[in-house]
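A.B. asks: Got input-v1.txt for you, compact mmCIF, C-alpha atoms:
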# COMPACT_ATOMS: atom_id res chain seq x y z
CA MET A 1 79.48 17.81 -39.68
CA LEU A 2 77.72 17.92 -36.32
CA LEU A 3 76.06 14.51 -36.57
CA ALA A 4 78.71 12.52 -38.40
CA GLY A 5 78.50 8.86 -37.41
CA LYS A 6 75.30 9.27 -35.40
CA ARG A 7 72.37 6.95 -36.03
CA ALA A 8 69.00 8.71 -36.01
CA VAL A 9 65.36 7.69 -36.25
CA VAL A 10 62.92 10.36 -37.44
CA SER A 11 59.24 9.56 -36.99
CA GLY A 12 56.28 11.37 -38.47
CA VAL A 13 57.53 12.14 -41.97
CA ALA A 14 54.40 12.46 -44.09
CA ASN A 15 55.08 14.84 -46.98
CA PRO A 16 57.58 17.47 -48.19
CA LYS A 17 56.01 20.17 -45.98
CA SER A 18 56.09 18.20 -42.73
CA ILE A 19 58.25 19.36 -39.85
CA ALA A 20 59.67 15.85 -39.56
CA TRP A 21 60.93 16.05 -43.13
CA GLY A 22 62.67 19.35 -42.39
CA ILE A 23 64.36 17.66 -39.45
CA ALA A 24 65.35 14.63 -41.54
CA GLN A 25 66.89 16.86 -44.21
CA ALA A 26 68.88 18.85 -41.65
CA MET A 27 70.18 15.74 -39.91
CA HIS A 28 71.17 14.18 -43.23
CA ARG A 29 72.99 17.39 -44.15
CA GLU A 30 75.00 17.12 -40.93
CA GLY A 31 76.05 13.53 -41.55
CA ALA A 32 73.54 11.42 -39.60
CA GLN A 33 72.68 7.90 -40.71
CA LEU A 34 68.90 8.02 -40.99
CA ALA A 35 65.98 5.66 -40.52
CA LEU A 36 62.42 6.87 -41.01
CA THR A 37 59.19 5.57 -39.50
CA CYS A 38 55.73 6.27 -40.83
CA VAL A 39 52.23 4.85 -40.92
CA GLU A 40 51.49 2.24 -43.57
CA SER A 41 49.33 4.60 -45.63
CA ALA A 42 52.22 7.06 -46.01
CA LYS A 43 54.98 4.60 -46.87
CA ARG A 44 54.93 5.16 -50.63
CA ARG A 45 55.10 8.95 -50.23
CA VAL A 46 57.84 8.70 -47.62
CA ALA A 47 59.85 6.30 -49.79
CA LYS A 48 59.92 8.88 -52.59
CA LEU A 49 61.18 11.53 -50.19
CA ALA A 50 63.74 9.16 -48.70
CA ASP A 51 65.12 8.51 -52.18
CA GLU A 52 66.13 12.19 -52.34
CA LEU A 53 68.47 11.59 -49.41
CA GLY A 54 69.57 8.11 -50.42
CA VAL A 55 67.82 6.63 -47.37
CA ASP A 56 66.45 3.11 -47.68
CA ARG A 57 65.71 2.39 -44.00
CA ILE A 58 61.95 2.99 -43.83
CA TYR A 59 59.80 1.21 -41.26
CA THR A 60 56.04 1.28 -40.87
CA CYS A 61 54.94 1.81 -37.31
CA ASP A 62 51.66 2.54 -35.56
CA ALA A 63 53.06 4.51 -32.63
CA THR A 64 49.94 3.84 -30.54
CA ASP A 65 50.47 0.07 -30.75
CA ASP A 66 53.13 -1.16 -28.32
CA ALA A 67 53.77 -4.36 -30.26
CA ASP A 68 54.13 -2.46 -33.53
CA VAL A 69 56.58 -0.01 -31.95
CA ALA A 70 58.63 -2.86 -30.47
CA LYS A 71 58.77 -4.60 -33.85
CA ALA A 72 59.87 -1.43 -35.66
CA PHE A 73 62.67 -0.73 -33.18
CA GLU A 74 63.82 -4.33 -33.33
CA GLN A 75 64.25 -3.86 -37.09
CA ILE A 76 65.94 -0.50 -36.55
CA GLY A 77 68.33 -2.08 -34.06
CA GLU A 78 69.28 -4.74 -36.58
CA ALA A 79 69.90 -2.10 -39.24
CA PHE A 80 72.06 0.02 -36.93
CA GLY A 81 74.09 -2.72 -35.29
CA GLY A 82 72.13 -2.65 -32.05
CA GLN A 83 72.77 1.03 -31.31
CA LEU A 84 70.89 4.32 -31.69
CA ASP A 85 71.95 7.90 -30.93
CA ILE A 86 68.93 10.06 -31.82
CA LEU A 87 65.15 9.65 -31.74
CA VAL A 88 62.90 12.34 -33.20
CA HIS A 89 59.22 12.09 -32.25
CA SER A 90 57.11 14.27 -34.54
CA ILE A 91 53.71 12.63 -34.25
CA ALA A 92 50.37 14.27 -33.46
CA TYR A 93 46.75 13.51 -34.28
CA ALA A 94 43.28 14.58 -33.22
CA ARG A 95 39.90 14.02 -34.78
CA LEU A 96 38.79 16.93 -36.96
CA GLU A 97 35.57 17.31 -34.99
CA ASP A 98 37.59 17.99 -31.84
CA LEU A 99 39.32 21.02 -33.35
CA GLY A 100 37.49 24.33 -33.66
CA GLY A 101 34.35 25.34 -31.81
CA GLU A 102 34.05 24.81 -28.08
CA PHE A 103 36.55 22.62 -26.23
CA LEU A 104 33.63 21.39 -24.11
CA ARG A 105 32.42 19.32 -27.05
CA VAL A 106 35.24 16.80 -26.79
CA ASN A 107 34.14 13.36 -25.62
CA LYS A 108 36.07 10.51 -24.03
CA GLU A 109 36.90 8.92 -27.37
CA GLY A 110 38.26 12.17 -28.79
CA TRP A 111 40.29 12.74 -25.63
CA ARG A 112 41.77 9.24 -25.71
CA THR A 113 42.55 9.40 -29.42
CA ALA A 114 44.45 12.70 -29.23
CA LEU A 115 46.46 11.93 -26.10
CA GLU A 116 47.31 8.40 -27.15
CA ALA A 117 48.53 9.43 -30.59
CA SER A 118 50.19 12.70 -29.60
CA ALA A 119 51.65 12.06 -26.13
CA TYR A 120 51.68 8.36 -25.22
CA SER A 121 53.42 7.60 -28.50
CA LEU A 122 56.50 9.46 -27.22
CA VAL A 123 56.63 7.22 -24.16
CA ALA A 124 56.23 4.07 -26.27
CA MET A 125 58.98 5.05 -28.69
CA ALA A 126 61.38 6.21 -25.96
CA ARG A 127 60.90 2.91 -24.14
CA ALA A 128 61.67 0.94 -27.30
CA ALA A 129 64.69 3.11 -28.12
CA ARG A 130 66.19 2.97 -24.64
CA PRO A 131 68.21 -0.29 -24.91
CA LEU A 132 69.63 0.81 -28.26
CA MET A 133 70.72 4.14 -26.77
CA VAL A 134 72.16 2.48 -23.68
CA ALA A 135 74.24 0.29 -26.01
CA ALA A 136 75.45 3.47 -27.72
CA GLY A 137 76.49 5.03 -24.42
CA GLY A 138 73.64 7.53 -24.35
CA GLY A 139 71.54 9.51 -26.78
CA SER A 140 69.09 12.29 -27.49
CA VAL A 141 65.30 12.04 -27.68
CA MET A 142 63.33 15.02 -28.91
CA THR A 143 59.69 15.76 -29.63
CA VAL A 144 57.84 18.56 -31.42
CA SER A 145 55.38 20.72 -29.49
CA PHE A 146 53.48 24.00 -29.86
CA ASN A 147 52.71 26.83 -27.45
CA GLY A 148 49.04 25.84 -27.42
CA GLY A 149 50.18 23.35 -24.79
CA HIS A 150 50.64 26.05 -22.17
CA LYS A 151 48.64 28.99 -23.52
CA ILE A 152 45.14 29.32 -24.91
CA VAL A 153 45.14 29.09 -28.69
CA PRO A 154 41.49 29.33 -29.74
CA SER A 155 40.26 26.25 -31.61
CA TYR A 156 43.43 24.25 -30.86
CA ASN A 157 41.39 22.60 -28.12
CA ILE A 158 42.23 18.94 -27.47
CA MET A 159 45.57 19.29 -29.24
CA GLY A 160 46.54 21.89 -26.65
CA VAL A 161 45.82 19.40 -23.90
CA ALA A 162 47.77 16.74 -25.80
CA LYS A 163 50.79 19.03 -26.21
CA ALA A 164 50.69 19.84 -22.49
CA ALA A 165 50.72 16.12 -21.74
CA LEU A 166 53.51 15.63 -24.27
CA GLU A 167 55.77 18.23 -22.65
CA CYS A 168 55.08 16.85 -19.18
CA ALA A 169 55.87 13.33 -20.38
CA MET A 170 59.10 14.67 -21.87
CA ARG A 171 60.22 15.94 -18.48
CA TYR A 172 59.44 12.69 -16.66
CA LEU A 173 61.19 10.70 -19.37
CA ALA A 174 64.22 12.96 -19.00
CA TYR A 175 64.31 12.14 -15.29
CA ASP A 176 64.04 8.39 -15.87
CA LEU A 177 66.53 8.24 -18.73
CA GLY A 178 69.09 10.71 -17.39
CA PRO A 179 71.17 8.07 -15.56
CA ASP A 180 71.55 6.32 -18.92
CA ARG A 181 72.97 9.56 -20.40
CA ILE A 182 69.87 9.92 -22.55
CA ARG A 183 68.63 13.49 -22.93
CA VAL A 184 64.97 14.26 -23.62
CA ASN A 185 63.78 17.66 -24.84
CA ALA A 186 60.95 19.33 -26.74
CA ILE A 187 61.07 21.76 -29.63
CA SER A 188 58.16 24.21 -29.58
CA SER A 189 57.71 25.54 -33.08
CA GLY A 190 55.85 28.59 -34.28
CA PRO A 191 53.05 28.08 -36.82
CA ILE A 192 54.29 26.48 -40.04
CA ALA A 193 52.32 25.99 -43.25
CA THR A 194 52.19 22.19 -43.24
CA VAL A 195 49.53 20.04 -44.86
CA SER A 196 47.89 19.64 -41.44
CA SER A 197 47.48 23.42 -41.16
CA THR A 198 45.16 23.45 -44.18
CA VAL A 199 42.25 22.36 -41.96
CA VAL A 200 42.49 25.67 -40.06
CA ASP A 201 40.28 28.31 -41.70
CA ASN A 202 42.25 31.34 -40.52
CA PHE A 203 45.75 29.89 -40.58
CA GLU A 204 46.99 32.43 -43.12
CA GLU A 205 45.97 35.17 -40.69
CA ALA A 206 48.07 33.50 -37.99
CA LEU A 207 51.08 33.62 -40.31
CA ARG A 208 50.42 37.29 -41.07
CA GLN A 209 50.33 37.99 -37.33
CA VAL A 210 53.72 36.33 -36.89
CA LYS A 211 55.17 38.57 -39.60
CA ARG A 212 53.55 41.64 -38.06
CA ILE A 213 54.16 41.42 -34.32
CA THR A 214 56.93 38.94 -33.44
CA PRO A 215 60.40 40.27 -32.60
CA LEU A 216 61.93 38.78 -35.76
CA LEU A 217 58.93 39.64 -37.99
CA GLU A 218 59.34 36.35 -39.85
CA CYS A 219 57.65 32.95 -39.97
CA VAL A 220 59.44 29.79 -38.92
CA SER A 221 60.26 27.12 -41.51
CA PRO A 222 60.77 23.36 -41.17
CA GLU A 223 64.45 24.06 -41.87
CA ASP A 224 64.61 26.30 -38.78
CA VAL A 225 63.18 23.49 -36.67
CA GLY A 226 65.60 21.07 -38.30
CA ASN A 227 68.57 23.21 -37.36
CA LEU A 228 67.54 23.20 -33.70
CA ALA A 229 67.00 19.43 -33.89
CA VAL A 230 70.56 19.04 -35.20
CA PHE A 231 71.87 20.95 -32.19
CA LEU A 232 69.84 18.83 -29.77
CA GLY A 233 71.07 15.66 -31.44
CA SER A 234 74.69 16.75 -31.34
CA ASP A 235 77.21 16.55 -28.53
CA LEU A 236 76.98 20.35 -28.20
CA SER A 237 73.76 19.85 -26.21
CA ARG A 238 75.20 17.21 -23.85
CA MET A 239 73.99 19.00 -20.70
CA ILE A 240 70.55 20.07 -21.96
CA THR A 241 67.61 17.91 -20.94
CA ALA A 242 64.02 18.14 -19.63
CA THR A 243 63.65 21.44 -21.49
CA THR A 244 61.28 22.95 -24.04
CA ILE A 245 63.14 25.18 -26.49
CA TYR A 246 61.23 27.64 -28.66
CA VAL A 247 61.91 28.27 -32.33
CA ASP A 248 59.06 30.68 -33.00
CA SER A 249 60.45 34.08 -33.99
CA GLY A 250 59.97 35.12 -30.36
CA ALA A 251 56.19 34.66 -30.39
CA ASP A 252 55.96 32.88 -27.05
CA ALA A 253 57.53 35.85 -25.25
CA LEU A 254 54.83 38.27 -26.39
CA SER A 255 52.17 39.49 -23.99
CA ALA A 256 48.48 39.45 -24.83
CA GLY A 257 47.63 42.39 -27.05
CA ALA A 258 51.23 42.94 -28.13
CA GLY A 259 50.06 43.42 -31.67
CA ASP A 260 47.94 46.40 -30.63
CA HIS A 261 50.98 48.44 -29.66
CA PRO A 262 53.25 50.02 -32.28
CA ARG A 263 57.01 49.68 -32.16
CA LEU A 264 58.12 52.94 -30.57
CA LYS A 265 60.66 55.11 -32.32
CA LEU A 266 62.46 58.01 -30.65
CA LYS A 267 62.15 61.42 -32.25
CA GLN A 268 65.27 62.65 -33.94
CA SER A 269 66.92 65.46 -31.98
CA GLY A 270 67.91 68.77 -33.52
Represent the structure from my file as structure tokens, please.
C.D. replies:
Amino acid sequence: MLLAGKRAVVSGVANPKSIAWGIAQAMHREGAQLALTCVESAKRRVAKLADELGVDRIYTCDATDDADVAKAFEQIGEAFGGQLDILVHSIAYARLEDLGGEFLRVNKEGWRTALEASAYSLVAMARAARPLMVAAGGGSVMTVSFNGGHKIVPSYNIMGVAKAALECAMRYLAYDLGPDRIRVNAISSGPIATVSSTVVDNFEEALRQVKRITPLLECVSPEDVGNLAVFLGSDLSRMITATTIYVDSGADALSAGAGDHPRLKLKQSG
């Protein structure tokens, strides 16, 4: 098993459809010792999911509150003997009114809320995890992004800005933590039918587009993201850091208007 003996924290588990849960399942499958963090309001739901994996290390944590993050990682350190190998950051939030319509509508409060929850939280958690990873001789930090952070995805708006900040923060963290043998990377996932996606009116059309025009003609699943997370958490990725890796059926490589062009087939000779 690729993660046998490794101690991992997965943040952002909210429900059975969440990307974080797909990552937790994959890491458990590969032998990792798991701890989960979640907001207080989700603890009961997360506890039921954790029972499926036999995980009893569940810690509530407001990732935008430095003191709360420090407290959670102190508890995690005690549970794992003062060491940690893997941190998965899968946290994002924006106010509903800041998604859809014109990006120009966002105000200072909406801007602060999205970037604090979706990008600063990675910095806060990496800072708290650092001494535990140093004690372990190094580690792997990973976060979950989306290509709306570097391309225009209509209506994604402030979350696109937040994902751009998240990926930039990932690279600077990788530089700071590299001497400690701590790798920091981002997983950029294609659209996945999570509970959060239900607020998007035309999300089903986005999934149909993936099936119609991407190279693999197939939508990504939380399990696909989990498999990449396993690789990034394993020793196989020991020299990979400061990088965004796409698991999106090849969508990010497509040019604008790719869906308007048919796949060409050569005429049969003779």
A.B. asks: Compile the contact shell of Gly110 in chain A as a list in words: residues with an atom at most 12 Å away, counting only C-alpha atoms, same-chain residues fewer than 4 positions apart removed.
C.D. replies: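 After dropping sequence-adjacent residues, the list is Tyr93, Ala94, Arg95, Leu96, Glu97, Asp98, Leu99, Phe103, Leu104, Arg105, Val106, Ala114, Leu115, Glu116, Ala117, Ser118, Asn157, Ile158, Met159, Val161 and Ala162 of chain A.
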A.B. asks: For Arg7 in chain A, work out the shell of residues within 12 Å, counting all atoms listed in the file and skipping chain neighbours fewer than 5 positions away, then give it as a PyMOL selection string.
C.D. replies: chain A and resi 24+27-28+30-36+57+76-77+79-88+129+132-133+136+138-140+233-234
A.B. asks: Calculated over only C-alpha atoms, which of the candidates A:Ile182, A:Val144, A:Ala229, A:Ala70 has the smallest distance to Lys163 in chain A?
C.D. replies: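 Smallest distance to Lys163 in chain A is found for A:Val144.
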A.B. asks: So which one's closest to Gln75 in chain A, A:Val46, A:Ala164, A:Thr37, A:Val210? Using all atoms listed in the file, please.
C.D. replies: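 Ranking A:Val46, A:Ala164, A:Thr37, A:Val210 by distance to Gln75 in chain A, first place goes to A:Thr37.
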A.B. asks: Have a look at A:Val141, A:Asn185, A:Arg29, A:Ala124 and name the one nearest to Leu2 in chain A; count all atoms listed in the file.
C.D. replies: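 Smallest separation from Leu2 in chain A among the options: A:Arg29.
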A.B. asks: Smallest atom-to-atom distance to Pro131 in chain A: which of A:Gly160, A:Met239, A:Asp180, A:Ile192, using all atoms listed in the file?
C.D. replies: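 Going through A:Gly160, A:Met239, A:Asp180, A:Ile192 one by one, the smallest distance to Pro131 in chain A is for A:Asp180.
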A.B. asks: With all atoms listed in the file as the atoms that count, which of A:Ala92, A:Val230, A:Cys219, A:Ile213 lies nearest to Leu166 in chain A?
C.D. replies: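 Smallest distance to Leu166 in chain A is found for A:Ala92.
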A.B. asks: Taking into account all atoms listed in the file, which residue in the set A:Val13, A:Ala119, A:Leu49, A:Val220 is nearest to Ser188 in chain A?
C.D. replies: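 Using all atoms listed in the file, Ser188 in chain A sits closest to A:Val220.
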A.B. asks: Can you tell me, as a short mmCIF file (atom, residue, chain, number, x, y, z; two decimals) with C-alpha atoms, keeping the file's coordinate frame, what residues are no more than 10 Å from His89 in chain A when counting all atoms listed in the file, ignoring any on the same chain fewer than 4 positions away?
C.D. replies:
data_model
loop_
_atom_site.label_atom_id
_atom_site.label_comp_id
_atom_site.auth_asym_id
_atom_site.auth_seq_id
_atom_site.Cartn_x
_atom_site.Cartn_y
_atom_site.Cartn_z
CA VAL A 9 65.36 7.69 -36.25
CA VAL A 10 62.92 10.36 -37.44
CA SER A 11 59.24 9.56 -36.99
CA GLY A 12 56.28 11.37 -38.47
CA VAL A 13 57.53 12.14 -41.97
CA ALA A 20 59.67 15.85 -39.56
CA THR A 37 59.19 5.57 -39.50
CA ALA A 63 53.06 4.51 -32.63
CA SER A 118 50.19 12.70 -29.60
CA ALA A 119 51.65 12.06 -26.13
CA SER A 121 53.42 7.60 -28.50
CA LEU A 122 56.50 9.46 -27.22
CA VAL A 123 56.63 7.22 -24.16
CA MET A 125 58.98 5.05 -28.69
CA ALA A 126 61.38 6.21 -25.96
CA VAL A 141 65.30 12.04 -27.68
CA MET A 142 63.33 15.02 -28.91
CA THR A 143 59.69 15.76 -29.63
CA VAL A 144 57.84 18.56 -31.42
CA SER A 145 55.38 20.72 -29.49
CA ALA A 186 60.95 19.33 -26.74
#
A.B. asks: Just how far from CA of Trp21 in chain A is CA of Arg112 in chain A, in Å to one decimal?
C.D. replies: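 Rounded to one decimal, the two atoms are 26.8 Å apart.
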A.B. asks: May I have the residues within 12 Å of Asn15 in chain A as a PyMOL selection string, using all atoms listed in the file and disregarding those fewer than 4 positions away in the same chain?
C.D. replies: chain A and resi 19-22+24+38+41-50+194-196+222
A.B. asks: So how many Å separate CA of Asn227 in chain A and CA of Gly149 in chain A, to one decimal?
C.D. replies: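 Interatomic distance here is 22.3 Å.
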A.B. asks: Got a sec: who's within 10 Å of Pro191 in chain A, counting all atoms listed in the file, leaving out chain neighbours fewer than 3 positions off, as a list in words?
C.D. replies: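 The contact residues come out as Phe146, Asn147, Ser188, Thr194, Ser197, Phe203, Glu204, Ala206, Leu207, Val210, Cys219, Val220, Ser221, Val247, Asp248, Ser249 and Ala251 of chain A.
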A.B. asks: So how far away is CA of Ser237 in chain A from CA of His150 in chain A, in Å?
C.D. replies: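 Between these atoms lies a distance of 24.3 Å.
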